[in-house]
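Engineer: File final_26.txt below, compact mmCIF, C-alpha atoms:
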```
# COMPACT_ATOMS: atom_id res chain seq x y z
CA MET A 825 133.34 106.91 104.00
CA LEU A 826 129.62 106.31 104.17
CA TRP A 827 130.04 102.87 105.72
CA GLN A 828 132.54 104.33 108.20
CA CYS A 829 129.95 106.94 109.22
CA VAL A 830 127.34 104.20 109.74
CA LYS A 831 129.76 102.23 111.96
CA MET A 832 130.52 105.33 113.99
CA ALA A 833 126.78 106.05 114.36
CA MET A 834 126.13 102.51 115.60
CA LYS A 835 129.05 102.81 118.03
CA ALA A 836 127.68 106.10 119.39
CA ILE A 837 124.19 104.59 119.78
CA ASN A 838 125.60 101.47 121.46
CA SER A 839 127.60 103.53 123.95
CA ASN A 840 124.42 105.25 125.19
CA ARG A 841 121.82 102.52 124.75
CA MET A 842 119.24 103.79 127.23
CA ARG A 843 119.39 107.35 125.96
CA ALA A 844 119.23 106.13 122.38
CA PHE A 845 116.19 103.96 123.15
CA LEU A 846 114.38 106.82 124.89
CA THR A 847 115.20 109.00 121.87
CA MET A 848 113.80 106.35 119.54
CA LEU A 849 110.66 106.02 121.64
CA GLY A 850 108.99 108.97 119.95
CA ILE A 851 109.64 107.44 116.53
CA ILE A 852 108.50 104.00 117.72
CA VAL A 853 105.21 105.38 119.06
CA GLY A 854 104.69 107.50 115.94
CA VAL A 855 105.27 104.58 113.55
CA LEU A 856 103.15 102.28 115.72
CA ALA A 857 100.31 104.81 115.64
CA LEU A 858 100.66 105.41 111.89
CA VAL A 859 100.75 101.74 110.87
CA VAL A 860 98.15 100.45 113.34
CA LEU A 861 95.60 103.26 112.94
CA VAL A 862 95.74 103.35 109.15
CA SER A 863 95.73 99.53 108.92
CA LEU A 864 92.73 99.31 111.25
CA VAL A 865 90.80 101.93 109.28
CA THR A 866 91.70 100.25 105.98
CA SER A 867 90.74 96.80 107.30
CA ALA A 868 87.43 98.13 108.65
CA GLY A 869 86.75 99.88 105.35
CA ASP A 870 87.48 96.71 103.38
CA ALA A 871 85.17 94.71 105.66
CA VAL A 872 82.32 97.22 105.28
CA THR A 873 82.85 97.45 101.52
CA GLU A 874 82.76 93.66 101.23
CA GLN A 875 79.51 93.51 103.18
CA VAL A 876 77.98 96.33 101.12
CA GLU A 877 78.96 94.57 97.90
CA GLY A 878 77.48 91.37 99.30
CA LEU A 879 74.20 93.20 99.81
CA GLY A 880 74.24 94.20 96.16
CA THR A 881 75.49 97.33 94.41
CA ASP A 882 74.20 96.60 90.92
CA GLN A 883 70.67 97.97 91.23
CA ILE A 884 68.88 101.30 91.01
CA GLN A 885 65.67 101.69 92.96
CA VAL A 886 63.10 103.92 91.29
CA THR A 887 60.16 105.31 93.25
CA ILE A 888 57.31 107.16 91.52
CA VAL A 889 56.42 109.97 93.92
CA ASP A 890 53.85 111.92 91.87
CA ASP A 891 52.55 110.49 88.60
CA GLY A 892 50.53 113.62 87.83
CA GLY A 893 47.43 111.56 87.08
CA ARG A 894 49.35 109.49 84.50
CA PRO A 895 50.41 106.36 86.39
CA LEU A 896 53.15 104.18 84.94
CA GLN A 897 51.56 100.92 83.82
CA LEU A 898 53.03 97.44 83.94
CA GLU A 899 52.67 97.18 80.17
CA GLU A 900 55.05 100.15 79.65
CA LEU A 901 58.11 98.52 81.23
CA PRO A 902 59.31 96.60 78.13
CA ALA A 903 59.97 99.99 76.47
CA PHE A 904 62.47 100.82 79.22
CA VAL A 905 64.21 97.45 78.85
CA ALA A 906 64.68 98.13 75.13
CA HIS A 907 67.20 100.89 75.95
CA ALA A 908 70.82 99.80 75.36
CA ASP A 909 72.06 101.01 78.78
CA ILE A 910 69.28 99.29 80.75
CA GLY A 911 69.36 95.58 81.48
CA GLU A 912 66.25 94.70 83.50
CA VAL A 913 63.35 96.69 84.91
CA VAL A 914 61.47 94.82 87.60
CA PRO A 915 58.45 96.30 89.43
CA PHE A 916 57.77 95.37 93.01
CA ASN A 917 55.09 96.15 95.53
CA GLN A 918 55.61 95.31 99.18
CA ILE A 919 52.67 94.77 101.50
CA SER A 920 52.32 93.30 104.96
CA ALA A 921 50.15 90.24 105.55
CA THR A 922 49.54 87.54 108.13
CA ALA A 923 50.94 84.19 106.99
CA ARG A 924 49.26 81.10 108.44
CA PHE A 925 49.61 77.35 108.16
CA GLY A 926 47.61 75.24 110.57
CA HIS A 927 48.18 76.63 114.06
CA GLU A 928 51.39 78.45 113.09
CA SER A 929 51.21 82.09 112.00
CA GLY A 930 53.40 85.16 111.70
CA GLN A 931 53.82 88.50 110.00
CA ALA A 932 54.96 88.26 106.38
CA SER A 933 56.46 90.87 104.08
CA VAL A 934 54.86 90.03 100.74
CA THR A 935 56.70 91.24 97.65
CA GLY A 936 54.61 91.40 94.50
CA THR A 937 56.84 91.32 91.46
CA THR A 938 57.56 89.69 88.10
CA PRO A 939 59.59 86.57 87.23
CA ASN A 940 62.83 88.47 86.50
CA TYR A 941 62.97 89.63 90.12
CA ALA A 942 64.62 86.30 90.94
CA ILE A 943 67.43 87.12 88.48
CA VAL A 944 67.83 90.77 89.50
CA SER A 945 67.96 89.96 93.22
CA ASN A 946 70.03 86.77 92.76
CA LEU A 947 67.45 84.64 94.53
CA GLU A 948 68.64 81.05 94.88
CA LEU A 949 65.90 78.45 94.56
CA ILE A 950 66.23 75.51 96.92
CA SER A 951 63.27 73.69 95.44
CA GLY A 952 60.39 74.26 93.03
CA ARG A 953 60.25 77.28 90.72
CA PHE A 954 59.68 80.99 90.66
CA PHE A 955 56.36 82.09 89.21
CA HIS A 956 55.97 82.58 85.46
CA THR A 957 54.81 85.46 83.26
CA SER A 958 51.48 83.67 82.88
CA ASP A 959 51.04 83.79 86.67
CA VAL A 960 51.37 87.58 86.53
CA ALA A 961 49.00 87.86 83.56
CA ASN A 962 46.34 85.65 85.20
CA ASN A 963 46.63 87.00 88.79
CA THR A 964 47.45 83.46 89.96
CA HIS A 965 47.52 82.79 93.71
CA VAL A 966 50.97 81.18 93.81
CA ALA A 967 53.77 82.03 96.22
CA VAL A 968 57.51 81.52 96.68
CA ILE A 969 58.72 81.64 100.28
CA ALA A 970 62.10 81.90 101.96
CA GLU A 971 63.53 78.81 103.68
CA SER A 972 63.34 80.45 107.14
CA ALA A 973 59.62 81.04 106.63
CA ALA A 974 59.16 77.42 105.54
CA GLN A 975 61.04 76.13 108.57
CA GLU A 976 59.12 78.25 111.08
CA LEU A 977 55.64 77.78 109.60
CA PHE A 978 55.87 74.23 108.24
CA GLY A 979 58.83 72.78 110.12
CA THR A 980 60.49 71.75 106.84
CA VAL A 981 61.70 73.26 103.56
CA ASN A 982 59.92 70.58 101.53
CA VAL A 983 56.75 72.63 101.17
CA VAL A 984 56.30 72.84 97.38
CA GLY A 985 52.65 72.02 96.70
CA ALA A 986 51.50 73.00 100.20
CA GLU A 987 48.93 75.74 100.79
CA LEU A 988 49.74 78.94 102.67
CA LEU A 989 47.17 81.46 103.85
CA LEU A 990 48.02 85.14 103.39
CA ASP A 991 45.43 87.33 105.13
CA GLY A 992 43.07 84.40 104.76
CA ARG A 993 43.65 83.99 101.01
CA PRO A 994 44.96 80.55 99.96
CA PHE A 995 48.24 80.48 98.00
CA LEU A 996 49.89 77.46 96.42
CA ILE A 997 53.60 77.34 97.28
CA VAL A 998 55.53 76.70 94.07
CA GLY A 999 59.08 77.39 95.26
CA VAL A 1000 61.43 77.90 98.21
CA THR A 1001 64.40 80.31 98.12
CA ALA A 1002 67.54 80.41 100.22
CA ASP A 1003 67.69 83.18 102.81
CA GLN A 1004 69.91 86.03 101.70
CA GLU A 1005 71.05 89.49 102.72
CA THR A 1006 70.35 92.19 100.15
CA PHE A 1007 69.43 95.88 100.28
CA MET A 1008 65.83 94.86 99.78
CA SER A 1009 65.90 92.29 102.57
CA LEU A 1010 67.05 94.96 105.03
CA PHE A 1011 63.58 96.53 104.77
CA LEU A 1012 61.60 93.31 105.08
CA GLN A 1013 59.66 92.80 108.30
CA GLY A 1014 58.77 89.19 109.00
CA TYR A 1015 58.75 86.22 106.63
CA ALA A 1016 59.84 86.84 103.04
CA VAL A 1017 57.11 85.81 100.58
CA TYR A 1018 57.03 86.51 96.82
CA VAL A 1019 53.81 86.56 94.75
CA PRO A 1020 52.90 87.76 91.23
CA TYR A 1021 52.73 91.55 90.93
CA THR A 1022 49.10 91.66 89.84
CA THR A 1023 48.08 89.37 92.70
CA ALA A 1024 49.80 91.62 95.25
CA VAL A 1025 48.03 94.65 93.76
CA ARG A 1026 44.66 93.02 94.38
CA MET A 1027 45.70 92.00 97.87
CA SER A 1028 46.16 95.71 98.59
CA ASP A 1029 42.66 96.39 97.23
CA THR A 1030 44.03 98.32 94.25
CA LEU A 1031 42.52 97.60 90.87
CA SER A 1032 45.14 99.42 88.81
CA ASN A 1033 48.40 97.70 87.80
CA ALA A 1034 50.26 101.01 88.16
CA VAL A 1035 53.96 100.73 88.99
CA THR A 1036 55.18 102.87 91.89
CA THR A 1037 58.48 101.16 92.71
CA MET A 1038 60.90 99.21 90.55
CA LEU A 1039 64.46 97.94 90.35
CA VAL A 1040 66.71 98.72 87.38
CA THR A 1041 69.95 96.96 86.42
CA ALA A 1042 72.56 97.60 83.73
CA PRO A 1043 73.52 95.04 81.08
CA GLY A 1044 77.19 95.44 82.10
CA THR A 1045 78.62 97.12 85.17
CA ASP A 1046 78.04 100.79 84.31
CA MET A 1047 75.29 101.65 86.78
CA HIS A 1048 75.82 105.38 86.20
CA ALA A 1049 74.93 105.01 82.50
CA ALA A 1050 71.83 103.02 83.46
CA GLU A 1051 70.89 105.71 85.98
CA ALA A 1052 71.22 108.44 83.34
CA ALA A 1053 69.18 106.41 80.85
CA ILE A 1054 66.30 105.61 83.21
CA GLU A 1055 66.23 109.22 84.46
CA ASP A 1056 65.99 110.57 80.91
CA MET A 1057 63.21 108.13 79.97
CA LEU A 1058 61.23 108.90 83.12
CA LEU A 1059 61.59 112.64 82.54
CA ASN A 1060 60.15 112.15 79.06
CA ARG A 1061 57.38 109.97 80.49
CA PHE A 1062 56.40 112.50 83.17
CA ARG A 1063 56.73 115.65 81.05
CA ARG A 1064 60.13 116.73 82.43
CA ASP A 1065 58.85 116.78 86.01
CA GLU A 1066 61.94 116.12 88.13
CA ASP A 1067 59.81 115.79 91.27
CA ALA A 1068 57.75 112.95 89.84
CA PHE A 1069 60.26 110.27 90.84
CA THR A 1070 63.37 109.54 92.90
CA LEU A 1071 66.37 107.36 92.06
CA PHE A 1072 68.61 105.52 94.50
CA ASN A 1073 71.75 104.07 92.93
CA GLN A 1074 73.01 101.36 95.26
CA ALA A 1075 76.47 101.56 93.64
CA LEU A 1076 76.86 104.96 95.34
CA VAL A 1077 76.85 103.26 98.76
CA GLY A 1078 80.10 101.45 98.00
CA GLU A 1079 81.65 104.66 96.66
CA VAL A 1080 80.64 106.62 99.76
CA VAL A 1081 82.07 103.91 102.03
CA GLY A 1082 85.35 104.08 100.07
CA GLU A 1083 85.50 107.87 100.36
CA ILE A 1084 84.81 107.78 104.11
CA THR A 1085 87.48 105.10 104.62
CA THR A 1086 90.04 107.15 102.68
CA LEU A 1087 89.19 110.29 104.66
CA LEU A 1088 89.48 108.46 107.99
CA ALA A 1089 92.80 106.91 106.93
CA ILE A 1090 94.14 110.39 106.06
CA LEU A 1091 92.94 111.82 109.40
CA MET A 1092 94.39 108.93 111.40
CA GLY A 1093 97.61 109.14 109.41
CA GLY A 1094 97.79 112.87 110.14
CA VAL A 1095 97.49 112.26 113.89
CA ALA A 1096 100.26 109.65 113.67
CA VAL A 1097 102.52 111.96 111.65
CA ILE A 1098 102.20 114.55 114.41
CA SER A 1099 103.54 111.90 116.82
CA LEU A 1100 106.48 111.35 114.46
CA VAL A 1101 107.19 115.09 114.35
CA VAL A 1102 107.22 115.17 118.17
CA GLY A 1103 109.64 112.24 118.09
CA GLY A 1104 111.78 114.18 115.61
CA ILE A 1105 111.98 117.14 117.99
CA GLY A 1106 113.23 114.74 120.67
CA ILE A 1107 115.89 113.43 118.29
CA MET A 1108 117.05 116.96 117.47
CA ASN A 1109 117.29 117.76 121.18
CA ILE A 1110 119.37 114.67 121.97
CA MET A 1111 121.58 115.19 118.92
CA MET A 1112 122.29 118.74 120.12
CA VAL A 1113 123.37 117.30 123.46
CA SER A 1114 125.48 114.68 121.68
CA VAL A 1115 127.23 117.35 119.59
CA THR A 1116 128.06 119.30 122.75
CA GLU A 1117 129.35 116.18 124.56
CA ARG A 1118 131.52 115.18 121.60
CA THR A 1119 132.98 118.63 120.92
CA LYS A 1120 136.58 117.44 121.58
CA GLU A 1121 136.05 114.42 119.31
CA ILE A 1122 134.95 116.81 116.58
CA GLY A 1123 138.03 118.97 117.21
CA VAL A 1124 140.39 115.97 116.97
CA ARG A 1125 138.77 114.75 113.73
CA LYS A 1126 139.03 118.22 112.19
CA ALA A 1127 142.63 118.58 113.38
CA ILE A 1128 143.65 115.42 111.52
CA GLY A 1129 141.93 116.53 108.31
CA ALA A 1130 138.23 115.68 108.53
CA SER A 1131 136.16 117.96 106.33
CA ARG A 1132 133.00 119.83 107.33
CA ARG A 1133 131.11 117.54 104.95
CA SER A 1134 132.30 114.35 106.67
CA ILE A 1135 131.48 115.72 110.16
CA MET A 1136 128.04 116.78 109.01
CA LEU A 1137 127.46 113.42 107.32
CA GLN A 1138 128.49 111.56 110.49
CA PHE A 1139 125.87 113.23 112.69
CA LEU A 1140 123.21 113.22 109.98
CA ILE A 1141 123.63 109.46 109.50
CA GLU A 1142 123.47 108.99 113.27
CA ALA A 1143 120.09 110.78 113.36
CA LEU A 1144 118.90 108.72 110.39
CA THR A 1145 120.05 105.49 112.02
CA ILE A 1146 118.14 106.30 115.20
CA CYS A 1147 115.01 107.01 113.15
CA LEU A 1148 115.28 103.87 111.04
CA ILE A 1149 115.91 101.59 114.02
CA GLY A 1150 112.94 103.20 115.77
CA CYS A 1151 110.89 102.71 112.60
CA LEU A 1152 111.84 99.00 112.44
CA ILE A 1153 110.86 98.47 116.08
CA GLY A 1154 107.60 100.37 115.48
CA VAL A 1155 106.71 98.22 112.45
CA LEU A 1156 107.43 95.00 114.37
CA ALA A 1157 105.33 96.27 117.30
CA SER A 1158 102.52 97.11 114.84
CA LEU A 1159 102.64 93.59 113.44
CA ILE A 1160 102.29 92.18 116.97
CA VAL A 1161 99.35 94.50 117.73
CA LEU A 1162 97.56 93.56 114.50
CA GLN A 1163 98.16 89.86 115.16
CA LEU A 1164 96.69 90.31 118.63
CA ALA A 1165 93.69 92.13 117.12
CA THR A 1166 93.24 89.23 114.69
CA VAL A 1167 93.18 86.72 117.54
CA LEU A 1168 90.65 88.77 119.52
CA TYR A 1169 88.47 90.21 116.75
CA GLY A 1170 89.37 88.21 113.64
CA HIS A 1171 85.75 87.02 113.38
CA LEU A 1172 84.67 90.60 112.69
CA MET A 1173 87.24 91.61 110.09
CA ASP A 1174 90.58 90.68 108.57
CA PHE A 1175 93.38 92.78 110.10
CA GLN A 1176 96.26 93.16 107.67
CA LEU A 1177 99.53 95.07 107.71
CA SER A 1178 99.41 97.28 104.64
CA PRO A 1179 102.75 97.37 102.73
CA ALA A 1180 101.91 100.88 101.52
CA VAL A 1181 101.60 102.12 105.12
CA VAL A 1182 104.89 100.44 106.09
CA LEU A 1183 106.60 102.13 103.14
CA ALA A 1184 105.03 105.47 104.13
CA SER A 1185 106.29 105.06 107.72
CA ILE A 1186 109.83 104.39 106.43
CA VAL A 1187 109.71 107.47 104.18
CA PHE A 1188 108.40 109.66 107.01
CA SER A 1189 111.07 108.32 109.37
CA VAL A 1190 113.82 109.15 106.88
CA LEU A 1191 112.38 112.64 106.38
CA ILE A 1192 112.18 113.17 110.15
CA GLY A 1193 115.82 112.06 110.51
CA LEU A 1194 116.97 114.38 107.74
CA ILE A 1195 114.94 117.41 108.82
CA PHE A 1196 115.60 117.23 112.55
CA GLY A 1197 119.15 115.91 112.25
CA LEU A 1198 120.23 118.63 109.86
CA SER A 1199 120.54 121.41 112.45
CA PRO A 1200 122.70 119.44 114.97
CA ALA A 1201 124.84 118.06 112.12
CA SER A 1202 125.33 121.57 110.73
CA GLN A 1203 126.24 122.86 114.21
CA ALA A 1204 128.87 120.10 114.58
CA ALA A 1205 130.31 120.80 111.12
CA ARG A 1206 130.69 124.54 111.86
CA LYS A 1207 132.80 124.05 115.00
CA LYS A 1208 136.36 125.40 114.72
CA PRO A 1209 139.12 122.89 115.51
CA ILE A 1210 141.02 125.12 118.01
CA GLU A 1211 137.88 126.03 119.99
CA ALA A 1212 136.69 122.43 119.92
CA LEU A 1213 139.99 121.10 121.30
CA ARG A 1214 139.96 123.72 124.08
CA TYR A 1215 136.39 122.84 125.08
CA GLU A 1216 136.16 121.65 128.72
CA GLY A 1217 132.47 120.74 128.96
```
Just dump the structure as structure tokens.

Structural biologist:
Amino acid sequence: MLWQCVKMAMKAINSNRMRAFLTMLGIIVGVLALVVLVSLVTSAGDAVTEQVEGLGTDQIQVTIVDDGGRPLQLEELPAFVAHADIGEVVPFNQISATARFGHESGQASVTGTTPNYAIVSNLELISGRFFHTSDVANNTHVAVIAESAAQELFGTVNVVGAELLLDGRPFLIVGVTADQETFMSLFLQGYAVYVPYTTAVRMSDTLSNAVTTMLVTAPGTDMHAAEAAIEDMLLNRFRRDEDAFTLFNQALVGEVVGEITTLLAILMGGVAVISLVVGGIGIMNIMMVSVTERTKEIGVRKAIGASRRSIMLQFLIEALTICLIGCLIGVLASLIVLQLATVLYGHLMDFQLSPAVVLASIVFSVLIGLIFGLSPASQAARKKPIEALRYEG
């Protein structure tokens, strides 16, 4: 009986193709909006998340705001590293300087740090080496520069052994790193140059090796445990003064991006579902008209023994069929739109049709068909055979 109802529904739809298509249009637009909007938001979120992860989400930046007259010294950092939840603690001090070689010059962002900075920030050495612990201990005037700085100042990346002037001070170039995009690089102005921490301190005319900013990593992937550990140790160090320092966990950036993407997807999906509901109202309206037009047909079927259940099932399946065909057309149209977006803007992000969204659109379409087809189907099932046969509409 079910298959017979499906065949009758298809026959009824085929006999009024234009009306059926216009009825489906609300479902088609609703599904198109649901799939395309949610897929676009999801694709954009994935692209942003990928870029954020590429910038690095495995570091915590610590800034000493008020040391209370008890500055954190460079020699104290090994005690932090000894904690089980903390992997590396790397101090850094950024200053601005004028870099010069021959007649070429430019503004440089000089980062004073320790050897492990290269590991923490995933710096890739093209040639030479990063400076050693002995360079930090002896305030050596050595420098590691980024390849873009080498190209613009020297015209080549083969500059290991050359001399670079930073604010008039001579520095021996011992290494060249590949250019990279990290959270730290976003704040660099000019050429990226790395020097020993103690050397940078003296460049800024400060005699103390006090640490004001540092990067912390975790031995595994639990950045929240590392954050809790470093916060507890700093509170002990600064006599429980919560205002003495600030922490910025870069892992939170990825989490925030994910939350925003999810929220936007829900909002966009909600707008699209409203379109589906409007389409459902249109289906209910047309099904009411169809029930009225086919009153005699209902009377004949009841007269030859059709039950209320079979009549109701017939019209309910017809509403469901309209919704599902509209859903199929909407999904295919969404695929075309996303393919077009890929052709036009594929260099910005990867546009993909999410299977979960397609499944959601099918479920919503079925629900719309059931909810808005129930009333017309019930009206058809309640018609009395005698009155139906006498109907002259």

Engineer: Enumerate, as a PyMOL selection string, the protein, DNA and RNA residues whose atoms approach (51.8, 104.6, 83.5) to within 12 Å, taking into account all atoms listed in the file and the coordinate frame of the file.

Structural biologist: chain A and resi 888+890-901+903+1032-1037+1058+1061-1062

Engineer: Could you save those same residues with C-alpha atoms as a compact mmCIF listing (two decimals), keeping the file's coordinate frame?

Structural biologist:
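out26.txt written:
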```txt
# COMPACT_ATOMS: atom_id res chain seq x y z
CA ILE A 888 57.31 107.16 91.52
CA ASP A 890 53.85 111.92 91.87
CA ASP A 891 52.55 110.49 88.60
CA GLY A 892 50.53 113.62 87.83
CA GLY A 893 47.43 111.56 87.08
CA ARG A 894 49.35 109.49 84.50
CA PRO A 895 50.41 106.36 86.39
CA LEU A 896 53.15 104.18 84.94
CA GLN A 897 51.56 100.92 83.82
CA LEU A 898 53.03 97.44 83.94
CA GLU A 899 52.67 97.18 80.17
CA GLU A 900 55.05 100.15 79.65
CA LEU A 901 58.11 98.52 81.23
CA ALA A 903 59.97 99.99 76.47
CA SER A 1032 45.14 99.42 88.81
CA ASN A 1033 48.40 97.70 87.80
CA ALA A 1034 50.26 101.01 88.16
CA VAL A 1035 53.96 100.73 88.99
CA THR A 1036 55.18 102.87 91.89
CA THR A 1037 58.48 101.16 92.71
CA LEU A 1058 61.23 108.90 83.12
CA ARG A 1061 57.38 109.97 80.49
CA PHE A 1062 56.40 112.50 83.17
```

Engineer: Go through region 1032-1140 of chain A and flag each residue having an atom no more than 10 Å from region 847-865 of chain A; for those, report the closest pair of atoms plus their distance in Å to one decimal, using only C-alpha atoms, ordered by chain and rising number, as a Markdown table.

Structural biologist:
```
| residue | atom | partner | partner_atom | distance |
| --- | --- | --- | --- | --- |
| A:Ile1084 | CA | A:Val865 | CA | 9.8 |
| A:Thr1085 | CA | A:Val865 | CA | 6.5 |
| A:Thr1086 | CA | A:Val865 | CA | 8.4 |
| A:Leu1087 | CA | A:Val865 | CA | 9.7 |
| A:Leu1088 | CA | A:Val865 | CA | 6.8 |
| A:Ala1089 | CA | A:Val862 | CA | 5.1 |
| A:Ile1090 | CA | A:Val862 | CA | 7.9 |
| A:Leu1091 | CA | A:Val862 | CA | 8.9 |
| A:Met1092 | CA | A:Leu861 | CA | 6.0 |
| A:Gly1093 | CA | A:Leu858 | CA | 5.4 |
| A:Gly1094 | CA | A:Leu858 | CA | 8.2 |
| A:Val1095 | CA | A:Leu858 | CA | 7.8 |
| A:Ala1096 | CA | A:Leu858 | CA | 4.6 |
| A:Val1097 | CA | A:Gly854 | CA | 6.6 |
| A:Ile1098 | CA | A:Gly854 | CA | 7.6 |
| A:Ser1099 | CA | A:Gly854 | CA | 4.6 |
| A:Leu1100 | CA | A:Gly854 | CA | 4.5 |
| A:Val1101 | CA | A:Gly854 | CA | 8.1 |
| A:Val1102 | CA | A:Gly850 | CA | 6.7 |
| A:Gly1103 | CA | A:Gly850 | CA | 3.8 |
| A:Gly1104 | CA | A:Ile851 | CA | 7.1 |
| A:Ile1105 | CA | A:Gly850 | CA | 8.9 |
| A:Gly1106 | CA | A:Thr847 | CA | 6.2 |
| A:Ile1107 | CA | A:Thr847 | CA | 5.7 |
| A:Met1108 | CA | A:Thr847 | CA | 9.3 |
| A:Asn1109 | CA | A:Thr847 | CA | 9.0 |
| A:Ile1110 | CA | A:Thr847 | CA | 7.0 |
| A:Met1111 | CA | A:Thr847 | CA | 9.4 |
```

Engineer: At a cut-off of 8 Å from (125.2, 114.5, 113.2) in the coordinates of the file, what residues are picked up using all atoms listed in the file, written as a PyMOL selection string?

Structural biologist: chain A and resi 1111+1115+1135-1143+1197-1198+1200-1202+1204

Engineer: Those same residues, written as a PDB file, in the frame of the given file with C-alpha atoms?

Structural biologist:
```
ATOM      1  CA  MET A1111     121.580 115.190 118.920  1.00  0.00           C
ATOM      2  CA  VAL A1115     127.230 117.350 119.590  1.00  0.00           C
ATOM      3  CA  ILE A1135     131.480 115.720 110.160  1.00  0.00           C
ATOM      4  CA  MET A1136     128.040 116.780 109.010  1.00  0.00           C
ATOM      5  CA  LEU A1137     127.460 113.420 107.320  1.00  0.00           C
ATOM      6  CA  GLN A1138     128.490 111.560 110.490  1.00  0.00           C
ATOM      7  CA  PHE A1139     125.870 113.230 112.690  1.00  0.00           C
ATOM      8  CA  LEU A1140     123.210 113.220 109.980  1.00  0.00           C
ATOM      9  CA  ILE A1141     123.630 109.460 109.500  1.00  0.00           C
ATOM     10  CA  GLU A1142     123.470 108.990 113.270  1.00  0.00           C
ATOM     11  CA  ALA A1143     120.090 110.780 113.360  1.00  0.00           C
ATOM     12  CA  GLY A1197     119.150 115.910 112.250  1.00  0.00           C
ATOM     13  CA  LEU A1198     120.230 118.630 109.860  1.00  0.00           C
ATOM     14  CA  PRO A1200     122.700 119.440 114.970  1.00  0.00           C
ATOM     15  CA  ALA A1201     124.840 118.060 112.120  1.00  0.00           C
ATOM     16  CA  SER A1202     125.330 121.570 110.730  1.00  0.00           C
ATOM     17  CA  ALA A1204     128.870 120.100 114.580  1.00  0.00           C
TER      18      ALA A1204
END
```

Engineer: Could you check how far CA of Tyr1021 (chain A) sits from CA of Ala970 (chain A), in Å to one decimal?

Structural biologist: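 These two atoms are separated by 17.4 Å.
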
Engineer: Tell me which protein, DNA and RNA residues are within 7 Å of region 1065-1078 of chain A, counting only C-alpha atoms, leaving out same-chain ones fewer than 2 positions away, and put them as a PyMOL selection string.

Structural biologist: chain A and resi 873+876-877+881-891+1047+1059+1062-1063+1080-1082

Engineer: Write out as a ChimeraX atom specification the residues lying within 10 Å of Leu1164 (chain A), counting all atoms listed in the file and excluding same-chain residues fewer than 6 positions away.

Structural biologist: /A:1158,1170,1175

Engineer: Those residues you just picked out, can you put them in a file as a PDB file, in the coordinates of the input with C-alpha atoms?

Structural biologist:
```
ATOM      1  CA  SER A1158     102.520  97.110 114.840  1.00  0.00           C
ATOM      2  CA  GLY A1170      89.370  88.210 113.640  1.00  0.00           C
ATOM      3  CA  PHE A1175      93.380  92.780 110.100  1.00  0.00           C
TER       4      PHE A1175
END
```

Engineer: Kindly assemble as a Markdown table a list of the region 1034-1097 of chain A residues that lie within 9 Å of region 910-923 of chain A, each paired with its nearest atom pair and their distance in Å to one decimal, using only C-alpha atoms, sorted first by chain and then by ascending residue number.

Structural biologist:
```
| residue | atom | partner | partner_atom | distance |
| --- | --- | --- | --- | --- |
| A:Val1035 | CA | A:Pro915 | CA | 6.3 |
| A:Thr1036 | CA | A:Asn917 | CA | 7.6 |
| A:Thr1037 | CA | A:Phe916 | CA | 5.8 |
| A:Met1038 | CA | A:Pro915 | CA | 4.0 |
| A:Leu1039 | CA | A:Val914 | CA | 5.1 |
| A:Val1040 | CA | A:Val913 | CA | 4.6 |
| A:Thr1041 | CA | A:Gly911 | CA | 5.2 |
| A:Ala1042 | CA | A:Gly911 | CA | 4.4 |
| A:Pro1043 | CA | A:Gly911 | CA | 4.2 |
| A:Gly1044 | CA | A:Gly911 | CA | 7.9 |
| A:Met1047 | CA | A:Ile910 | CA | 8.8 |
| A:Ala1049 | CA | A:Ile910 | CA | 8.2 |
| A:Ala1050 | CA | A:Ile910 | CA | 5.3 |
| A:Glu1051 | CA | A:Ile910 | CA | 8.4 |
| A:Ala1053 | CA | A:Ile910 | CA | 7.1 |
| A:Ile1054 | CA | A:Ile910 | CA | 7.4 |
```
